[in-house]
$ cat final-v9.cif   # mmCIF, C-alpha atoms
data_final
loop_
_atom_site.label_atom_id
_atom_site.label_comp_id
_atom_site.auth_asym_id
_atom_site.auth_seq_id
_atom_site.Cartn_x
_atom_site.Cartn_y
_atom_site.Cartn_z
CA MET O 67 -3.99 -28.06 3.80
CA MET O 68 -7.26 -27.74 1.90
CA ALA O 69 -9.11 -29.44 4.74
CA PHE O 70 -7.64 -26.90 7.13
CA ALA O 71 -8.68 -24.06 4.82
CA GLN O 72 -12.23 -25.36 4.68
CA TRP O 73 -12.40 -25.83 8.43
CA LEU O 74 -10.99 -22.33 8.98
CA GLN O 75 -13.46 -20.56 6.74
CA ALA O 76 -16.33 -22.59 8.24
CA THR O 77 -15.62 -21.35 11.77
CA ALA O 78 -18.29 -19.06 13.21
CA LEU O 79 -16.01 -16.01 13.10
CA PHE O 80 -15.03 -16.28 9.44
CA THR O 81 -18.52 -17.35 8.34
CA ALA O 82 -19.92 -14.21 9.96
CA LEU O 83 -17.20 -12.09 8.34
CA ARG O 84 -17.86 -13.62 4.91
CA GLU O 85 -21.61 -13.12 5.14
CA SER O 86 -21.35 -9.45 6.04
CA TRP O 87 -21.30 -7.21 2.96
CA TYR O 88 -19.03 -4.57 4.44
CA VAL O 89 -16.43 -6.46 6.50
CA TYR O 90 -14.37 -7.64 3.52
CA PRO O 91 -14.12 -4.21 1.84
CA VAL O 92 -13.34 -2.59 5.21
CA VAL O 93 -10.53 -5.06 5.90
CA LEU O 94 -9.24 -4.68 2.33
CA SER O 95 -9.33 -0.88 2.77
CA LEU O 96 -7.33 -1.14 6.00
CA HIS O 97 -4.81 -3.36 4.16
CA LEU O 98 -4.40 -0.61 1.54
CA VAL O 99 -4.31 2.14 4.21
CA ALA O 100 -1.40 0.26 5.79
CA ILE O 101 0.37 0.19 2.40
CA ALA O 102 -0.28 3.91 1.91
CA LEU O 103 0.76 5.11 5.36
CA PHE O 104 3.56 2.63 6.13
CA GLY O 105 4.84 1.55 2.69
CA GLY O 106 6.80 4.78 2.48
CA LEU O 107 8.93 3.68 5.46
CA ILE O 108 10.44 0.84 3.43
CA VAL O 109 10.91 3.00 0.35
CA ILE O 110 12.63 5.71 2.40
CA THR O 111 14.96 3.28 4.16
CA ASP O 112 16.00 1.69 0.87
CA LEU O 113 16.42 5.02 -0.93
CA ARG O 114 18.50 6.31 2.00
CA LEU O 115 20.85 3.31 1.69
CA LEU O 116 21.13 4.14 -2.02
CA GLY O 117 21.91 7.75 -1.07
CA LEU O 118 18.93 9.09 -3.01
CA VAL O 119 17.05 10.80 -0.19
CA LEU O 120 17.98 12.45 3.15
CA ALA O 121 21.60 11.72 2.22
CA ASP O 122 22.94 14.07 4.92
CA GLN O 123 21.01 12.31 7.71
CA PRO O 124 22.62 9.39 9.61
CA ILE O 125 21.36 5.97 8.50
CA ALA O 126 21.54 4.44 11.98
CA GLY O 127 19.11 7.02 13.35
CA MET O 128 16.69 6.40 10.49
CA VAL O 129 16.77 2.61 10.84
CA LYS O 130 16.19 2.94 14.59
CA GLY O 131 13.61 5.72 14.35
CA LEU O 132 11.44 3.94 11.78
CA ARG O 133 11.52 0.53 13.47
CA GLY O 134 8.47 1.10 15.69
CA LEU O 135 6.32 2.44 12.87
CA LYS O 136 7.41 -0.42 10.60
CA HIS O 137 6.26 -2.91 13.22
CA MET O 138 2.92 -1.09 13.51
CA GLY O 139 2.44 -1.20 9.74
CA ALA O 140 3.46 -4.84 9.46
CA THR O 141 1.05 -5.81 12.26
CA LEU O 142 -1.85 -4.02 10.56
CA LEU O 143 -0.97 -5.59 7.18
CA PHE O 144 -0.75 -9.07 8.67
CA LEU O 145 -3.96 -8.81 10.70
CA CYS O 146 -5.90 -7.67 7.63
CA GLY O 147 -4.23 -10.34 5.52
CA ILE O 148 -5.16 -13.11 7.96
CA LEU O 149 -8.77 -11.87 8.18
CA MET O 150 -9.07 -11.80 4.38
CA PHE O 151 -7.47 -15.25 4.06
CA GLY O 152 -9.83 -16.71 6.66
CA THR O 153 -13.00 -15.52 4.95
CA LYS O 154 -12.13 -17.22 1.65
CA ALA O 155 -9.37 -19.63 2.65
CA GLU O 156 -9.94 -22.31 0.02
CA GLU O 157 -10.10 -19.72 -2.79
CA TYR O 158 -6.82 -18.17 -1.67
CA LEU O 159 -5.16 -21.55 -1.30
CA THR O 160 -5.80 -22.38 -4.96
CA ASN O 161 -4.84 -18.93 -6.25
CA PRO O 162 -1.43 -18.86 -8.02
CA PHE O 163 -0.94 -15.18 -7.18
CA PHE O 164 -1.49 -15.99 -3.50
CA HIS O 165 1.23 -18.67 -3.78
CA ALA O 166 3.55 -16.13 -5.38
CA LYS O 167 2.78 -13.61 -2.65
CA MET O 168 3.52 -16.10 0.13
CA GLY O 169 6.75 -17.12 -1.61
CA LEU O 170 7.83 -13.49 -1.87
CA LEU O 171 6.89 -12.93 1.78
CA MET O 172 9.21 -15.77 2.74
CA LEU O 173 11.94 -14.17 0.65
CA VAL O 174 11.38 -10.91 2.58
CA GLY O 175 12.10 -12.89 5.75
CA VAL O 176 15.19 -14.45 4.18
CA HIS O 177 16.32 -10.98 3.05
CA ALA O 178 15.96 -9.59 6.58
CA MET O 179 18.00 -12.43 8.07
CA ALA O 180 20.60 -12.46 5.30
CA PHE O 181 21.38 -8.74 5.50
CA ARG O 182 20.83 -8.08 9.21
CA GLY O 183 24.45 -8.76 10.13
CA SER O 184 26.08 -7.18 7.10
CA VAL O 185 23.83 -4.15 6.61
CA TYR O 186 21.11 -3.21 9.10
CA SER O 187 23.12 -3.67 12.32
CA LYS O 188 26.15 -1.96 10.76
CA ALA O 189 24.40 1.32 9.90
CA ALA O 190 26.41 3.26 12.51
CA GLU O 191 29.66 2.07 10.86
CA PHE O 192 28.45 3.32 7.47
CA ASP O 193 27.69 6.69 9.06
CA ALA O 194 31.14 6.83 10.70
CA ALA O 195 32.85 5.90 7.43
CA GLY O 196 30.67 8.35 5.52
CA LYS O 197 30.19 5.72 2.83
CA VAL O 198 27.61 3.03 2.12
CA PRO O 199 29.18 -0.26 0.92
CA GLY O 200 27.95 -2.07 -2.16
CA ILE O 201 26.32 -4.86 -0.19
CA ALA O 202 23.97 -2.38 1.50
CA LYS O 203 22.95 -1.02 -1.89
CA VAL O 204 22.35 -4.55 -3.13
CA ALA O 205 20.17 -5.17 -0.06
CA ALA O 206 18.20 -1.98 -0.77
CA VAL O 207 17.58 -2.83 -4.44
CA ILE O 208 16.50 -6.40 -3.60
CA SER O 209 14.17 -5.04 -0.94
CA LEU O 210 12.53 -2.64 -3.41
CA LEU O 211 12.15 -5.44 -5.97
CA LEU O 212 10.64 -7.85 -3.42
CA TRP O 213 8.06 -5.30 -2.25
CA THR O 214 7.16 -4.38 -5.84
CA GLY O 215 6.67 -8.08 -6.51
CA LEU O 216 4.48 -8.40 -3.42
CA LEU O 217 2.33 -5.51 -4.62
CA ILE O 218 1.88 -7.04 -8.08
CA ALA O 219 1.13 -10.50 -6.68
CA GLY O 220 -1.32 -9.01 -4.18
CA ARG O 221 -3.21 -7.16 -6.89
CA GLY O 222 -3.17 -10.25 -9.08
CA ILE O 223 -5.03 -12.33 -6.47
CA GLY O 224 -8.25 -10.47 -7.23
CA TYR O 225 -8.06 -11.33 -10.91
CA VAL O 226 -8.12 -15.12 -10.56
CA GLU O 227 -11.39 -16.93 -10.05
CA PRO O 228 -10.63 -20.40 -8.74
CA ASP O 229 -12.74 -23.22 -10.10
CA LEU O 230 -14.31 -24.20 -6.77
CA ASP O 231 -16.59 -26.85 -8.30
CA ARG O 232 -13.59 -28.73 -9.65
CA ILE O 233 -11.77 -28.44 -6.32
CA HIS O 234 -14.76 -29.74 -4.43
CA ALA O 235 -15.20 -32.63 -6.86
CA GLN O 236 -11.55 -33.62 -6.43
CA LEU O 237 -11.85 -33.51 -2.65
CA TRP O 238 -14.99 -35.58 -2.77
CA LEU O 239 -13.46 -38.20 -5.06
CA ARG O 240 -10.56 -38.60 -2.70
CA MET W 59 -5.26 8.55 -36.21
CA GLU W 60 -2.65 5.82 -36.07
CA VAL W 61 -1.74 6.96 -32.57
CA PHE W 62 -5.35 6.78 -31.39
CA LEU W 63 -5.70 3.25 -32.77
CA GLN W 64 -2.59 2.18 -30.89
CA LEU W 65 -3.87 3.87 -27.72
CA GLU W 66 -7.18 2.10 -28.18
CA ALA W 67 -5.41 -1.26 -28.47
CA ILE W 68 -3.41 -0.63 -25.31
CA LEU W 69 -6.51 0.39 -23.35
CA GLU W 70 -8.32 -2.73 -24.48
CA SER W 71 -5.61 -5.15 -23.42
CA PRO W 72 -6.69 -7.20 -20.38
CA LEU W 73 -3.38 -6.41 -18.66
CA THR W 74 -3.81 -2.64 -18.84
CA PHE W 75 -6.24 -2.17 -15.96
CA PRO W 76 -4.34 -4.31 -13.41
CA THR W 77 -1.03 -2.72 -14.50
CA LEU W 78 -2.46 0.76 -13.96
CA GLU W 79 -3.77 -0.39 -10.57
CA CYS W 80 -0.27 -1.52 -9.57
CA PHE W 81 1.17 1.88 -10.56
CA HIS W 82 -1.68 3.55 -8.66
CA ILE W 83 -0.86 1.62 -5.48
CA ALA W 84 2.93 1.96 -5.84
CA GLY W 85 2.46 5.69 -6.42
CA LEU W 86 0.34 6.13 -3.33
CA ALA W 87 2.79 4.11 -1.23
CA VAL W 88 5.49 6.64 -2.19
CA GLY W 89 3.31 9.78 -2.35
CA ILE W 90 1.11 9.29 0.69
CA GLY W 91 3.87 7.29 2.41
CA THR W 92 6.25 10.25 2.41
CA ILE W 93 3.47 12.63 3.53
CA ALA W 94 2.77 10.18 6.37
CA ILE W 95 6.41 10.14 7.53
CA VAL W 96 6.17 13.90 8.21
CA ASP W 97 2.70 13.49 9.77
CA PHE W 98 3.99 10.77 12.09
CA ARG W 99 6.89 13.06 13.00
CA LEU W 100 4.41 15.85 13.85
CA LEU W 101 2.69 13.31 16.13
CA GLY W 102 6.04 12.59 17.80
CA LEU W 103 6.51 9.19 16.11
CA GLY W 104 9.23 7.82 13.85
CA LEU W 105 12.19 9.95 12.80
CA ARG W 106 12.45 12.00 15.98
CA ASP W 107 16.19 12.66 15.54
CA GLN W 108 15.45 14.72 12.43
CA LYS W 109 14.03 18.21 12.38
CA ILE W 110 10.47 18.40 11.07
CA SER W 111 11.44 20.98 8.45
CA THR W 112 14.35 18.82 7.23
CA LEU W 113 12.01 15.90 6.62
CA ALA W 114 9.28 18.03 5.06
CA ALA W 115 11.70 19.74 2.68
CA ASN W 116 13.68 16.63 1.69
CA LEU W 117 10.68 14.37 1.16
CA THR W 118 8.72 16.80 -1.00
CA PRO W 119 10.21 15.68 -4.36
CA LEU W 120 9.29 12.05 -3.59
CA THR W 121 5.81 13.11 -2.47
CA LEU W 122 5.23 14.96 -5.73
CA LEU W 123 6.68 12.12 -7.81
CA GLY W 124 4.47 9.56 -6.04
CA LEU W 125 1.35 11.69 -6.36
CA CYS W 126 2.07 12.27 -10.08
CA VAL W 127 2.28 8.52 -10.71
CA THR W 128 -0.92 8.04 -8.70
CA PHE W 129 -2.82 10.73 -10.62
CA LEU W 130 -1.57 9.68 -14.07
CA SER W 131 -2.52 6.04 -13.48
CA ALA W 132 -5.85 7.21 -12.04
CA GLY W 133 -6.53 9.02 -15.33
CA GLY W 134 -6.09 5.74 -17.20
CA LEU W 135 -8.29 3.83 -14.76
CA PHE W 136 -11.01 6.47 -15.02
CA TYR W 137 -10.83 6.55 -18.81
CA SER W 138 -11.36 2.76 -18.98
CA ASP W 139 -15.04 3.33 -18.06
CA PRO W 140 -15.90 6.89 -16.97
CA ASP W 141 -19.59 6.08 -16.34
CA LEU W 142 -18.57 3.56 -13.71
CA TYR W 143 -16.76 6.29 -11.79
CA TYR W 144 -18.33 9.71 -11.96
CA LEU W 145 -21.78 8.38 -11.02
CA ASN W 146 -20.33 6.30 -8.17
CA HIS W 147 -20.97 7.86 -4.73
CA SER W 148 -17.70 6.48 -3.31
CA PHE W 149 -15.82 8.07 -6.20
CA GLN W 150 -17.62 11.40 -5.70
CA LEU W 151 -16.79 11.40 -1.97
CA LYS W 152 -13.20 10.42 -2.82
CA MET W 153 -12.81 13.45 -5.10
CA VAL W 154 -14.18 15.81 -2.42
CA LEU W 155 -11.84 14.34 0.20
CA LEU W 156 -8.92 14.48 -2.25
CA LEU W 157 -9.53 18.16 -2.86
CA GLY W 158 -9.65 18.70 0.90
CA ALA W 159 -6.49 16.66 1.51
CA LEU W 160 -4.51 18.47 -1.21
CA MET W 161 -5.61 21.88 0.07
CA PHE W 162 -4.77 20.87 3.63
CA GLN W 163 -1.39 19.49 2.53
CA PHE W 164 -0.25 22.55 0.60
CA MET W 165 -1.99 25.33 2.56
CA VAL W 166 -1.76 24.06 6.15
CA ARG W 167 0.42 21.03 6.74
CA GLN W 168 3.43 21.78 4.58
CA PRO W 169 3.81 25.44 5.69
CA ARG W 170 3.45 24.37 9.33
CA ALA W 171 5.98 21.55 8.95
CA LEU W 172 8.54 23.79 7.20
CA ASP W 173 8.12 26.25 10.07
CA ASP W 174 9.37 23.67 12.64
CA PRO W 175 6.54 23.94 15.16
CA PRO W 176 7.55 23.31 18.81
CA GLU W 177 7.54 19.57 19.66
CA GLY W 178 3.97 18.30 20.09
CA SER W 179 2.29 21.61 19.25
CA ALA W 180 1.08 20.57 15.78
CA ARG W 181 -0.14 17.06 16.57
CA TRP W 182 -3.60 17.84 15.22
CA VAL W 183 -2.11 18.77 11.85
CA GLY W 184 -0.46 15.36 11.50
CA ALA W 185 -3.59 13.57 12.69
CA VAL W 186 -5.94 15.42 10.32
CA SER W 187 -3.60 14.77 7.38
CA LEU W 188 -3.31 11.03 8.14
CA LEU W 189 -7.09 10.70 8.57
CA LEU W 190 -7.80 12.52 5.30
CA TRP W 191 -5.45 10.31 3.28
CA ALA W 192 -6.68 7.13 4.97
CA SER W 193 -10.30 8.07 4.19
CA ILE W 194 -9.35 8.60 0.53
CA VAL W 195 -7.88 5.09 0.35
CA PHE W 196 -11.08 3.74 1.95
CA CYS W 197 -13.24 5.46 -0.67
CA GLY W 198 -10.98 4.10 -3.41
CA ILE W 199 -11.59 0.51 -2.33
CA PHE W 200 -15.30 1.12 -1.83
CA ILE W 201 -15.69 2.33 -5.44
CA GLY W 202 -15.50 -1.33 -6.41
CA PHE W 203 -18.17 -2.30 -3.87
CA THR W 204 -20.60 0.55 -4.55
CA VAL W 205 -23.56 0.03 -6.86
CA VAL W 206 -23.86 2.80 -9.44
CA PRO W 207 -27.43 4.14 -9.61
CA GLU W 208 -29.09 3.56 -12.98
#

$ encode --input "final-v9.cif" --output "structure tokens"
Amino acid sequence: MMAFAQWLQATALFTALRESWYVYPVVLSLHLVAIALFGGLIVITDLRLLGLVLADQPIAGMVKGLRGLKHMGATLLFLCGILMFGTKAEEYLTNPFFHAKMGLLMLVGVHAMAFRGSVYSKAAEFDAAGKVPGIAKVAAVISLLLWTGLLIAGRGIGYVEPDLDRIHAQLWLR
Amino acid sequence: MEVFLQLEAILESPLTFPTLECFHIAGLAVGIGTIAIVDFRLLGLGLRDQKISTLAANLTPLTLLGLCVTFLSAGGLFYSDPDLYYLNHSFQLKMVLLLGALMFQFMVRQPRALDDPPEGSARWVGAVSLLLWASIVFCGIFIGFTVVPE
């Protein structure tokens, strides 16, 4: 894994990105712009399931209407994330907050799969019944917690300075 | 006096700055995020089944809540080292853009959105709003990469 990280960040593309003074802050800015402009979509969907906002609007329409924008936001987030990872791959790979973030990201995937059948594809039934079942509210709360965790882990990454000399020495000794 | 000493201790804790940053980002995700939902709708994207005015009216409390959290946490971040900010060109540009974005939001965008403009007729309003808020986020990140003149 570390060998891959070192190869990745040594490629011409990521070396050029790392050596430019403005590419990293621009990519980081785009990452934050994606959070600012698209993060609200998740918050709104979850709060709607909890009945806290737009309570008189059908859930099915909201889930369907926001899907395209959510995909746009996720794509932008991921592209920026991959570019940032590539420029400093070995630093990220040894950063505990990065590990936490990747773990939480996997849980977001598990969450989507776990609740797709019981919540997100059943939105029209909730609208017809005029009532949101408990499981949908549980899904919404877990979603909000996971994304809050992702935010905290993401911010934490910048506060850890990995001991690269030690890492390099270990690799060399091996 | 006691209160100030306690405040001082809180501000000096190493966890304070990153915690405030997290609130700042969470606040902007809610505040700017809900503004953006209406802007996207003005552009013909997203919640097209809902009336523009319905969205604009119903999302306003969340927008204000989010912006309040963002501003309050920003106060704490600024107070941690004012010299680092007010002399910083990215910060100065950010404040100008913020003033512009807030004026545009409350004097142009929100009245237009509540007025339910005909489909597609107010695209420019949504686009200007999104660009203003995105540029503010850009400036925010660049504060940390801008050298403050001595």

$ interface_residues --input "final-v9.cif" --of "chain O" --to "chain W" --cutoff "10 Å" --atoms "all atoms listed in the file" --output "number ranges by chain"
O: 87-88, 90-110, 119-121, 123-124, 127-136, 213-214, 217-222, 224-225

$ resolve_selection --input "final-v9.cif" --expression "the PyMOL selection byres ((chain O and resi 150) around 10)" --output "NGL selection string"
:O and (80 or 83-84 or 89-91 or 93-94 or 97 or 144-149 or 151-155 or 158)

$ residues_around --input "final-v9.cif" --residues "stretch 133-142 of chain W" --least-positions-apart "5" --cutoff "8 Å" --atoms "only C-alpha atoms" --output "number ranges by chain"
W: 69, 75, 78-79, 206

$ resolve_selection --input "final-v9.cif" --expression "the PyMOL selection byres ((chain W and resi 175-187) around 8)" --output "compact mmCIF listing (two decimals) with C-alpha atoms, in the frame of the given file"
# COMPACT_ATOMS: atom_id res chain seq x y z
CA ALA W 94 2.77 10.18 6.37
CA VAL W 96 6.17 13.90 8.21
CA ASP W 97 2.70 13.49 9.77
CA PHE W 98 3.99 10.77 12.09
CA ARG W 99 6.89 13.06 13.00
CA LEU W 100 4.41 15.85 13.85
CA LEU W 101 2.69 13.31 16.13
CA GLY W 102 6.04 12.59 17.80
CA ILE W 110 10.47 18.40 11.07
CA ALA W 159 -6.49 16.66 1.51
CA PHE W 162 -4.77 20.87 3.63
CA GLN W 163 -1.39 19.49 2.53
CA VAL W 166 -1.76 24.06 6.15
CA ARG W 167 0.42 21.03 6.74
CA ARG W 170 3.45 24.37 9.33
CA ALA W 171 5.98 21.55 8.95
CA ASP W 173 8.12 26.25 10.07
CA ASP W 174 9.37 23.67 12.64
CA LEU W 188 -3.31 11.03 8.14
CA LEU W 189 -7.09 10.70 8.57
CA LEU W 190 -7.80 12.52 5.30
CA TRP W 191 -5.45 10.31 3.28

$ resolve_selection --input "final-v9.cif" --expression "the PyMOL selection byres ((chain O and resi 184) around 12)" --output "ChimeraX atom specification"
/O:177-183,185-192,198-205

$ atom_distance --input "final-v9.cif" --atom1 "atom CA of O:Asn161" --atom2 "atom CA of O:Leu143"
19.3 Å

$ residues_around --input "final-v9.cif" --residues "W:His82" --least-positions-apart "4" --cutoff "8 Å" --atoms "only C-alpha atoms" --output "number ranges by chain"
W: 78, 86, 127-129, 131-132

$ atom_distance --input "final-v9.cif" --atom1 "atom CA of W:Leu125" --atom2 "atom CA of W:Lys109"
23.5 Å

$ closest_residue --input "final-v9.cif" --among "W:Ile68, W:Leu130, W:Val61, W:Leu145" --to "W:Val205" --atoms "only C-alpha atoms"
W:Leu145
